[in-house]
Amino acid sequence: MDRDKRDEGAEPDPNEELLRLARGIRGHVKRRKRLGGALPGEVGTPGPAAKPAGPASGAGAKPPPAAGRPTAPLPTPKPGRPGARSEPRPTVGEGPARDAADVKAQAAAARDLDEVRRGVAQCTACELCATRTNTVFLDGKGHSGLMFVGEAPGAEEDKTGVPFVGRAGQLLTDIVTKGMGLDRRDVWIANVLKCRPPENRDPTPDEKATCTPWLDRQIELLEPRILVPLGRHASMHVLGITAAMNAMRGRVHTIAGRPVVPTFHPAYLLRNPADKKECWKDIQVAMQTAGIPIPKREAGPGSAP
Ligand code: SF4
């Protein structure tokens, strides 16, 4: 390590040192008298090393911030939730439902079936709104108290806005009229999804989750005596489970105090006509459960419509 140049050479004389110190003190006192107060750098002056004096240094006074120590940080605004919106959600009539939360809010706030219908007609909450011709809401007056719930509109339903009007719809109409002995208007018919999935593909889980508050509110407002979901998608939604069709059908479930009798979708029956008998058994169970009289000529074994 290098040494300071002053440390090199002969030792200083201690008497000389004392004399130099005394001269320095005398000069300092004279200058102080001349200026009539403290010199820069002494107590009470605004010099950089000065401590605060007087009332500002008393109890309760705030010390100045220490150099280099960070002061308390300013509160920073919290970032919003991803997808959070600042504007209020529109109710039915104020604007379309634009996402799943809007659908939930509008469906829950709808006071009657017409409000649900209007909410559905304006809905743009999933991408199916871009390819639909019409929303498909509900058919029938439901005098029997029985409500069929299908999966989603097909091409014919999309064109007309009425559920179950294609080939599968004709088979359902036959079940109601020829089998149950009712007019088609005596039952309600609705779907899980209100818009047609392109190319009749299955609804995605997101589409179902987004759209089903509309159906749930429909059911709440209509208060059917019995629900008959048609096919796996509708049955799983109504029952709130994931299961194979054959594990769900063939018996009466009770959901929220309401009997539910799942059966095959008519489109499946068109491809698998041998299962029409099984479907007819389910329909008879539903009719018995709901107290709907079964026409005698149709009640025989194997007399599926
Ligand atoms: S399918 Fe349902 S959620 Fe999607 S746009 Fe149509 S009504 Fe809205």
# chains A, B, ... in the order shown; residues from 1 in each chain; ligands from 1
>>> residues_near_ligand(ligand="ligand 1", cutoff="7 Å", atoms="only C-alpha atoms and all ligand atoms", output="JSON, numbers by chain")
{"A": [120, 121, 123, 124, 125, 126, 127, 128, 129, 135, 193, 194, 195, 207, 210, 211]}
>>> closest_residue(among="A:Glu151, A:Asp216, A:Asp202, A:Glu156", to="A:Phe264", atoms="only C-alpha atoms")
A:Glu151
>>> residues_around(residues="A:Arg196", least_positions_apart="6", cutoff="8 Å", atoms="only C-alpha atoms", output="list in words")
Leu128, Thr131, Arg132, Thr135, Ala152, Pro153, Gly154, Ala155 and Asp158 of chain A
>>> write_last_selection(atoms="C-alpha atoms", output="PDB file, in the first residue's frame")
ATOM      1  CA  LEU A 128     -72.008 -17.632 -32.920  1.00  0.00           C
ATOM      2  CA  THR A 131     -72.926 -16.514 -38.312  1.00  0.00           C
ATOM      3  CA  ARG A 132     -76.539 -16.742 -37.163  1.00  0.00           C
ATOM      4  CA  THR A 135     -81.743 -16.486 -32.688  1.00  0.00           C
ATOM      5  CA  ALA A 152     -78.796 -26.085 -30.572  1.00  0.00           C
ATOM      6  CA  PRO A 153     -80.534 -24.798 -33.701  1.00  0.00           C
ATOM      7  CA  GLY A 154     -79.805 -26.432 -37.055  1.00  0.00           C
ATOM      8  CA  ALA A 155     -79.992 -24.911 -40.531  1.00  0.00           C
ATOM      9  CA  ASP A 158     -81.581 -20.744 -37.990  1.00  0.00           C
TER      10      ASP A 158
END
>>> closest_residue(among="A:Ala168, A:Val228, A:Val162, A:Val238", to="A:Val192", atoms="only C-alpha atoms")
A:Val238
>>> atom_distance(atom1="atom CA of A:Glu223", atom2="atom CA of A:Pro163")
19.2 Å
